[in-house]
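A short worksheet on the structure shown next.
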Amino acid sequence: MAQACPSSDPARAARGLNPVFGSILFPPGLGGVAAWNVEQPACFHDLNLDQVMASIASEYRDDELRPFFHTPCRDPRVIRYRHEIFADLEDDAISDLLSVFAESMRRAMRDLEYAKTLTYRSYQQIVVLDAINDYCRALHRLDDGLVAARPRSEGLRAFGAYIRAYLESAETHRLATEAEAIRTQLDGIRYATFIKRNRIIVRKYREESDYSARILGIFERFEHGAALRRPTRAADAWVNHIDAEILDLVARLFPKIFSRLGHYIVTNSGFFNPTVALFTRQLRFYQAYLRYIAPIRALGLAFCYPAVSISSKEFHCEQGFDLALAHQLAADKRRVVANDIRLTGTERILIVSGPNQGGKTTFARMFGQLHYLARLGCPLPGQAARIFLCDRVFTHFERREEPANLRSKLEDDMLRIRDIYAVATPASVIVLNEIFNSTPWRDQIFLSREMLEATMRLDALALCVTFIEELAAPTANTVSMVAAVDPLDAAQRTFKVERRTAEGLAYAMSLAEKHGVSFARLARRLDERLAP
Amino acid sequence: MKALLMHRNRDADREPLPEDAGAQIADDLNLDTLFSAMAGNDRYLFETVRKIILTSVENDADTILYRQAVLQDCLANRDAIRQMYALAVEALERQRRDGFGMPSGRPGAMLSGAVRIVEIMCGILRRLRMEAAATAAHFTSEGLRRLCGTLQSELADDYFFTVARELDHLKFREGVLISAAPGRAGKGTGLILREPRRRDRNWLLGLVRPAGEQHTLHIDARDDAGWRAMSELRDQGLVLVADALRSSAEHIVDFFRALRFELSLYVGCINLAERLAGHPWTWPVPLADDAAGFSCRGLCNVCLALNMGQQVTGNDVDALGHPLVIITGANRGGKSTFLASVGQAQLMMQAGIFVMARAFSAPLRDTVCTHYVREEDATMRSGKFDEELGRMSDMVEQLGSRAMILFNESFSATNEREGSEVAHQIVSALLDHGALVLFVTHMYEFASGFRQNTGRTAAVFLRAERDDGGSRNFQLCQGEPLQTGFAQDLYRDILADTLSDSARRYRFRR
């Protein structure tokens, strides 16, 4: 789906013409994208962003929302533009105002689509009339609301100005007043239907009296204290074909009003402002993401607007966490464990090691997610962050062995790595999770070292999860982090920064002891087993 | 239309009394016997008279006299009153059986259900009016005269004719006329069922040509969706009138409920009078508020009379101006019986009915309480004396400024000196606060402690008598407390022989 966003024209403003509004996703002048990506990025699956996306999109139709999340940016001005709008939407007044507005617009759009399917003319025309009235009223409410709420973001302020000018234009004014006038006339019609056996006779109402009132009057003498109630029942709002046929007959009884209606509808068929329609669709990006993170926020976990840069690769994140895991745990009212990471100066590569179940994969995912989501302009998990806007996030996570193809797992791994490094640039981010662990120890060390060298030469940001302690030797470019305890134990930090290897070894020995495979224990066990 | 037989100016409060309300006093004064006699097998009547009598302290003198007048009429016209009560019962029974149909059902069904009920109720209303008309001339009380007048004026023949005609139209044989305006998406809104004008009726019956423009929609016999839509439209028009008629039907039924309630006391009294035939009864005289004490001649215990069947002798007591009556004397000598009879009479007077006496007069009370001896506390949480004091304390929470309190052997579950002191203090305090206290006691010190009271707190002393033959009657006479309770009589009657027998038997065993 290709969609060019209309760009704003400073020349227009100079000529005193009404403001043009471009998009709620891009600041004016930054045009937008040539095309929105329908396909999901390759890194989504490994980073569990596909789960995030599925959850976000579960309420909306596929083609509307996903492309927004599949198309990240690199321009810090776009990121900041979006941050400001997210920040405005943290104000409940603005958020509610826009939700209500968007819902009204969507309903009007749905009604118009529905009207296109109708064959009964008067019915179709009234549906469109009602949609136009809803549309005008919603715009006025939004206008009033934005004036009162005073948003701070450039985007919402510009949209507010645009709406105001639009509403004040002669054309829109005519559209709204005529719609209201016709509706008032329709409301004033009174007709009567007489129903007997299989006939319905429709004629003008001739001041016949209210039958129910008369019945109540007859039995009034038995009234005892509480007044006889006159309950009103909500009628079924759905219009059936009998209603529509009756309406057509009513139209014949009141030809002047209905011809005015007909003429109006025909003249104004293209009334819906495309900029407003676009705004409504694009607003969903913000609403959907905020709705997704709401339950996580409710548990006290923080989200922040990171400082972003396309030049500096400094990275730090305070109390960051895996978004997908956090959302899943939030369903059970549990908090995910948060961590701090920092890469400064020439540091580029995080080596993450430690025991199983230590949360290393989660940690790796977080690193990848943060770099991707930052490029969408979304608020990120954490209390504060500073992030480099990469050009792409590459991931290599453990895959199932593919029995269909004839290559070995090692070959597969290498091919995939090759594909990454063939296109990776210094501005890329690479996340490697336990690579080459289907080969003997020595080969693993050799291959991994080669890869690390290549990555350092590339100067790309990377995170590598490995069992190979030797890789964790500190250099100018690498930082070693070791998983400490079960990340589901909320009381403890998951990772601590290690800059020595010696301790890593002691830790490994005690693990072996625990599993009964230290030398002494294993020897004793075997003695006992194999004793003759 | 109101029955207004219980109060001159307002409907009676029909809210049922909770089961345990007044259980204590009913027990102590043996009131269930009274209620049963009034109600017979009618469970509703039992509950109703129970409520009316237990809440009688809320009535004022005007209400009492109003009801006495009505009751006089009722006793003089028993069949008519019973018949009116029976009609109310019949109406409620029909409603219970046939019902109104489901309130959430289709308006069409609801309407025909309501039409049916209204037709039935009108039939019974008509019979009620005729019954009232036949007896009206014999009534002299304001309440019944007014009720008959209301029935005559509100339920005249032409009213029933109008109703029948309307109900007939509500069967909508000619079709349904509904007005509307085009609402959201053009669907008819603000539907109101309309009455066709007369000339339109003729048009609708096909007798004349239509005036004005009209267009007709025919629903094909095979168009199921169309038929459904048409009935829904019809239903939307009918719903208001169906609800209106249903409301009206409920109101008519409610009238019968009210009538039944308000006749209950009188029907109960008719039953009671028949059970007590041959015993004396009187219309009690409510005295002004500033009076104290009470006065009676030939006052009998209703329940005793009902249970024993034969004539019981009543008591004569003049305690007007005295806030305290102390009753002592022979054990089982009629003291409790008398105590209860005073409580019964007070409640019955305040309920507006007759009292079993040849004369009774007393000011109105705002509370009537009893404090009787109870069994040992089964939960063993408190000793008997402790329990009595606790109960006393609870009672204080209910007292008004003009209470009547009946004590029966209270505070004696300890040595006489302590008991007397406690009782003395309690009673003194109560007397200081406008209460009328009747106290049955064997505690001599307590009783004689009030001998020196004069003036406002002067006491009346009654004593259960003992014949020389050792037997007792239930009469009390005025007399100072004596130091003995004549336990000898009882001993001789009950215990003496057994003890001597047992001694004899075991003497030989040794």
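In the structure tokens, each chain is lettered A, B, ... as it comes, each chain's residues begin at 1, and ligands are numbered from 1 in order of appearance.
The list of residues with at least one atom within 9 Å of Asp73 of chain B, based on only C-alpha atoms and without residues fewer than 4 positions apart in the same chain, reads Gln68, Ala69, Asn77, Arg78, His138, Phe139, Thr140, Ser141 and Leu144 of chain B.
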What lies within 12 Å of Gly270 of chain A using only C-alpha atoms, ignoring chain neighbours under 6 positions off, as a PDB file with N, CA, C and O atoms, in the first residue's frame?
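Below is the file that was written, part-v8.pdb:
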ATOM      1  N   MET A 109     -17.584   7.100   8.957  1.00  0.00           N
ATOM      2  CA  MET A 109     -17.038   6.420   7.771  1.00  0.00           C
ATOM      3  C   MET A 109     -17.755   5.098   7.548  1.00  0.00           C
ATOM      4  O   MET A 109     -18.074   4.735   6.411  1.00  0.00           O
ATOM      5  N   LEU A 112     -21.143   5.675   6.094  1.00  0.00           N
ATOM      6  CA  LEU A 112     -21.092   6.020   4.668  1.00  0.00           C
ATOM      7  C   LEU A 112     -20.876   4.776   3.822  1.00  0.00           C
ATOM      8  O   LEU A 112     -21.491   4.620   2.764  1.00  0.00           O
ATOM      9  N   VAL A 128     -26.811   9.031   5.182  1.00  0.00           N
ATOM     10  CA  VAL A 128     -25.708   9.934   4.853  1.00  0.00           C
ATOM     11  C   VAL A 128     -25.884  11.261   5.594  1.00  0.00           C
ATOM     12  O   VAL A 128     -24.925  11.815   6.145  1.00  0.00           O
ATOM     13  N   ILE A 132     -23.264  13.031   8.123  1.00  0.00           N
ATOM     14  CA  ILE A 132     -22.719  14.385   7.966  1.00  0.00           C
ATOM     15  C   ILE A 132     -22.918  15.177   9.256  1.00  0.00           C
ATOM     16  O   ILE A 132     -22.014  15.893   9.709  1.00  0.00           O
ATOM     17  N   THR A 172     -17.538  24.595   4.611  1.00  0.00           N
ATOM     18  CA  THR A 172     -17.886  23.708   5.722  1.00  0.00           C
ATOM     19  C   THR A 172     -19.081  24.249   6.482  1.00  0.00           C
ATOM     20  O   THR A 172     -19.959  23.510   6.924  1.00  0.00           O
ATOM     21  N   LEU A 175     -22.119  23.360   4.677  1.00  0.00           N
ATOM     22  CA  LEU A 175     -22.383  21.926   4.814  1.00  0.00           C
ATOM     23  C   LEU A 175     -23.107  21.633   6.129  1.00  0.00           C
ATOM     24  O   LEU A 175     -24.127  20.940   6.172  1.00  0.00           O
ATOM     25  N   TYR A 264     -29.345  17.876  -1.542  1.00  0.00           N
ATOM     26  CA  TYR A 264     -28.216  18.130  -0.652  1.00  0.00           C
ATOM     27  C   TYR A 264     -27.219  16.971  -0.684  1.00  0.00           C
ATOM     28  O   TYR A 264     -26.009  17.171  -0.770  1.00  0.00           O
TER      29      TYR A 264
END
Item to check | chain A residues near chain B (8 Å cut-off, only C-alpha atoms) as a ChimeraX atom specification | outcome: /A:122-124,126-127,130,186-205,208-212,215-216,218-224,228-232,235,237,239-247,249,253
Report as a PDB file with C-alpha atoms, in the first residue's frame all protein, DNA and RNA residues lying within 10 Å of Ala102 of chain A, evaluated on only C-alpha atoms, omitting residues in the same chain fewer than 5 positions from it.
ATOM      1  CA  ASP A  96     -10.202  10.933  25.828  1.00  0.00           C
ATOM      2  CA  LEU A  97     -10.980  13.843  23.540  1.00  0.00           C
ATOM      3  CA  ARG A 107     -18.592   5.565  12.846  1.00  0.00           C
ATOM      4  CA  ALA A 108     -19.350   8.187  10.222  1.00  0.00           C
ATOM      5  CA  ALA A 138     -17.606  15.781  16.216  1.00  0.00           C
ATOM      6  CA  LEU A 142     -12.818  18.451  18.891  1.00  0.00           C
ATOM      7  CA  VAL A 276      -9.250  14.330   8.746  1.00  0.00           C
ATOM      8  CA  ALA A 277      -9.696  10.790   7.498  1.00  0.00           C
ATOM      9  CA  PHE A 279      -5.540  11.763  10.865  1.00  0.00           C
ATOM     10  CA  THR A 280      -8.150   9.347  12.214  1.00  0.00           C
ATOM     11  CA  ARG A 281      -6.329   6.381  10.725  1.00  0.00           C
ATOM     12  CA  LEU A 283      -4.019   8.360  15.332  1.00  0.00           C
ATOM     13  CA  ARG A 284      -4.521   4.684  15.860  1.00  0.00           C
TER      14      ARG A 284
END
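Within the 9 Å cut-off around Gln478 of chain B, using only C-alpha atoms and omitting residues fewer than 3 positions from it on the same chain, the listed residues are B:Val317, B:Val460, B:Phe461, B:Leu462, B:Arg463, B:Ala464.
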Next on the checklist: Can you pull out every residue from segment 144-357 of chain A that DSSP, working from the backbone, puts in helix (DSSP H, G or I), and format the result as a ChimeraX atom specification?
Outcome noted: /A:144-149,154-168,170-188,211-218,220-222,241-253,255-267,274-298,323-330
Next on the checklist: What's around Arg275 of chain B at 10 Å? Count only C-alpha atoms, leave out sequence neighbours fewer than 3 positions away in its own chain, and write the answer as a PyMOL selection string.
Outcome noted: chain B and resi 37-38+269-272+278-279+305-306+309
Please, could you write that set of residues out with N, CA and C atoms as a short mmCIF file (atom, residue, chain, number, x, y, z; two decimals), in the first residue's frame?
data_model
loop_
_atom_site.label_atom_id
_atom_site.label_comp_id
_atom_site.auth_asym_id
_atom_site.auth_seq_id
_atom_site.Cartn_x
_atom_site.Cartn_y
_atom_site.Cartn_z
N ALA B 37 -57.26 -16.78 67.67
CA ALA B 37 -58.71 -16.71 67.80
C ALA B 37 -59.29 -15.73 66.79
N MET B 38 -58.58 -14.67 66.53
CA MET B 38 -59.07 -13.68 65.59
C MET B 38 -58.97 -14.18 64.16
N CYS B 269 -61.94 -9.19 64.69
CA CYS B 269 -62.74 -8.89 65.87
C CYS B 269 -64.09 -9.58 65.82
N ILE B 270 -64.66 -9.69 64.65
CA ILE B 270 -65.92 -10.42 64.53
C ILE B 270 -65.71 -11.86 64.97
N ASN B 271 -64.63 -12.45 64.49
CA ASN B 271 -64.32 -13.83 64.91
C ASN B 271 -64.12 -13.92 66.41
N LEU B 272 -63.40 -12.94 66.94
CA LEU B 272 -63.09 -12.94 68.37
C LEU B 272 -64.38 -12.82 69.19
N GLY B 278 -70.76 -14.36 75.30
CA GLY B 278 -71.13 -14.62 76.70
C GLY B 278 -70.20 -13.91 77.67
N HIS B 279 -69.01 -13.57 77.22
CA HIS B 279 -68.13 -12.83 78.12
C HIS B 279 -68.38 -11.34 77.97
N ALA B 305 -59.64 -16.61 78.92
CA ALA B 305 -61.04 -16.78 78.55
C ALA B 305 -61.15 -17.68 77.33
N LEU B 306 -60.27 -17.46 76.36
CA LEU B 306 -60.35 -18.28 75.16
C LEU B 306 -59.98 -19.72 75.46
N GLY B 309 -62.63 -21.25 78.09
CA GLY B 309 -64.00 -21.37 77.60
C GLY B 309 -65.05 -20.83 78.56
#
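Minimum distance to Leu30 of chain A across A:Leu343, A:Cys73, A:Ala476, A:Val308 (counting only C-alpha atoms) occurs at A:Cys73.
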Checklist entry - Can you list every residue in segment 94-285 of chain B that DSSP puts in strand (DSSP E or B), as a PyMOL selection string? => result chain B and resi 176-182+188-194+214-218+282+285
Produce a file of the selected residues containing N, CA and C atoms, as a compact mmCIF listing (two decimals), in the first residue's frame.
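Output file selection_20.txt is given in full below:
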# COMPACT_ATOMS: atom_id res chain seq x y z
N VAL B 176 -54.41 -0.96 14.30
CA VAL B 176 -53.65 -0.14 15.24
C VAL B 176 -53.15 1.11 14.54
N LEU B 177 -53.34 2.25 15.15
CA LEU B 177 -52.90 3.51 14.54
C LEU B 177 -51.74 4.07 15.36
N ILE B 178 -50.60 4.29 14.71
CA ILE B 178 -49.41 4.75 15.44
C ILE B 178 -48.84 5.98 14.75
N SER B 179 -48.53 7.02 15.52
CA SER B 179 -47.89 8.18 14.92
C SER B 179 -46.39 8.11 15.19
N ALA B 180 -45.60 8.72 14.28
CA ALA B 180 -44.15 8.66 14.43
C ALA B 180 -43.50 9.81 13.70
N ALA B 181 -42.19 9.96 13.92
CA ALA B 181 -41.40 10.92 13.15
C ALA B 181 -40.18 10.16 12.64
N PRO B 182 -39.58 10.60 11.53
CA PRO B 182 -38.38 9.91 11.04
C PRO B 182 -37.19 10.23 11.94
N GLY B 188 -38.73 5.04 12.28
CA GLY B 188 -39.77 5.74 13.02
C GLY B 188 -39.40 5.85 14.48
N THR B 189 -39.58 7.04 15.03
CA THR B 189 -39.22 7.25 16.42
C THR B 189 -40.35 8.00 17.13
N GLY B 190 -40.32 7.98 18.46
CA GLY B 190 -41.38 8.68 19.20
C GLY B 190 -42.74 8.07 18.92
N LEU B 191 -42.77 6.71 18.83
CA LEU B 191 -44.04 6.06 18.47
C LEU B 191 -45.07 6.26 19.56
N ILE B 192 -46.24 6.71 19.17
CA ILE B 192 -47.34 6.87 20.12
C ILE B 192 -48.58 6.25 19.52
N LEU B 193 -49.21 5.43 20.31
CA LEU B 193 -50.45 4.82 19.85
C LEU B 193 -51.55 5.88 19.86
N ARG B 194 -52.31 5.94 18.78
CA ARG B 194 -53.32 6.99 18.67
C ARG B 194 -54.71 6.40 18.59
N GLN B 214 -52.94 9.18 1.05
CA GLN B 214 -52.41 8.06 1.81
C GLN B 214 -51.77 7.07 0.85
N HIS B 215 -50.86 6.26 1.37
CA HIS B 215 -50.19 5.24 0.56
C HIS B 215 -50.21 3.93 1.31
N THR B 216 -50.36 2.86 0.57
CA THR B 216 -50.52 1.56 1.22
C THR B 216 -49.36 0.63 0.89
N LEU B 217 -48.94 -0.09 1.91
CA LEU B 217 -47.87 -1.07 1.76
C LEU B 217 -48.50 -2.43 2.02
N HIS B 218 -48.35 -3.36 1.07
CA HIS B 218 -48.89 -4.71 1.31
C HIS B 218 -47.77 -5.64 1.65
N THR B 282 -66.12 -4.36 76.47
CA THR B 282 -66.49 -2.96 76.51
C THR B 282 -65.64 -2.14 75.56
N VAL B 285 -61.98 3.58 77.09
CA VAL B 285 -61.95 5.04 76.96
C VAL B 285 -60.52 5.54 77.01
Skip Thr478 of chain A itself and residues of its chain fewer than 4 positions away, then list as an mmCIF file with C-alpha atoms, in the first residue's frame all residues within 7 Å of it, counting only C-alpha atoms.
data_model
loop_
_atom_site.group_PDB
_atom_site.id
_atom_site.type_symbol
_atom_site.label_atom_id
_atom_site.label_comp_id
_atom_site.auth_asym_id
_atom_site.auth_seq_id
_atom_site.Cartn_x
_atom_site.Cartn_y
_atom_site.Cartn_z
ATOM 1 C CA GLU A 347 32.193 0.207 23.874
ATOM 2 C CA ARG A 348 30.067 -1.438 21.249
ATOM 3 C CA ILE A 349 29.515 -5.082 22.120
ATOM 4 C CA LEU A 350 27.769 -6.678 25.078
ATOM 5 C CA ILE A 351 28.818 -10.223 25.883
ATOM 6 C CA PRO A 474 37.299 -7.324 28.548
#
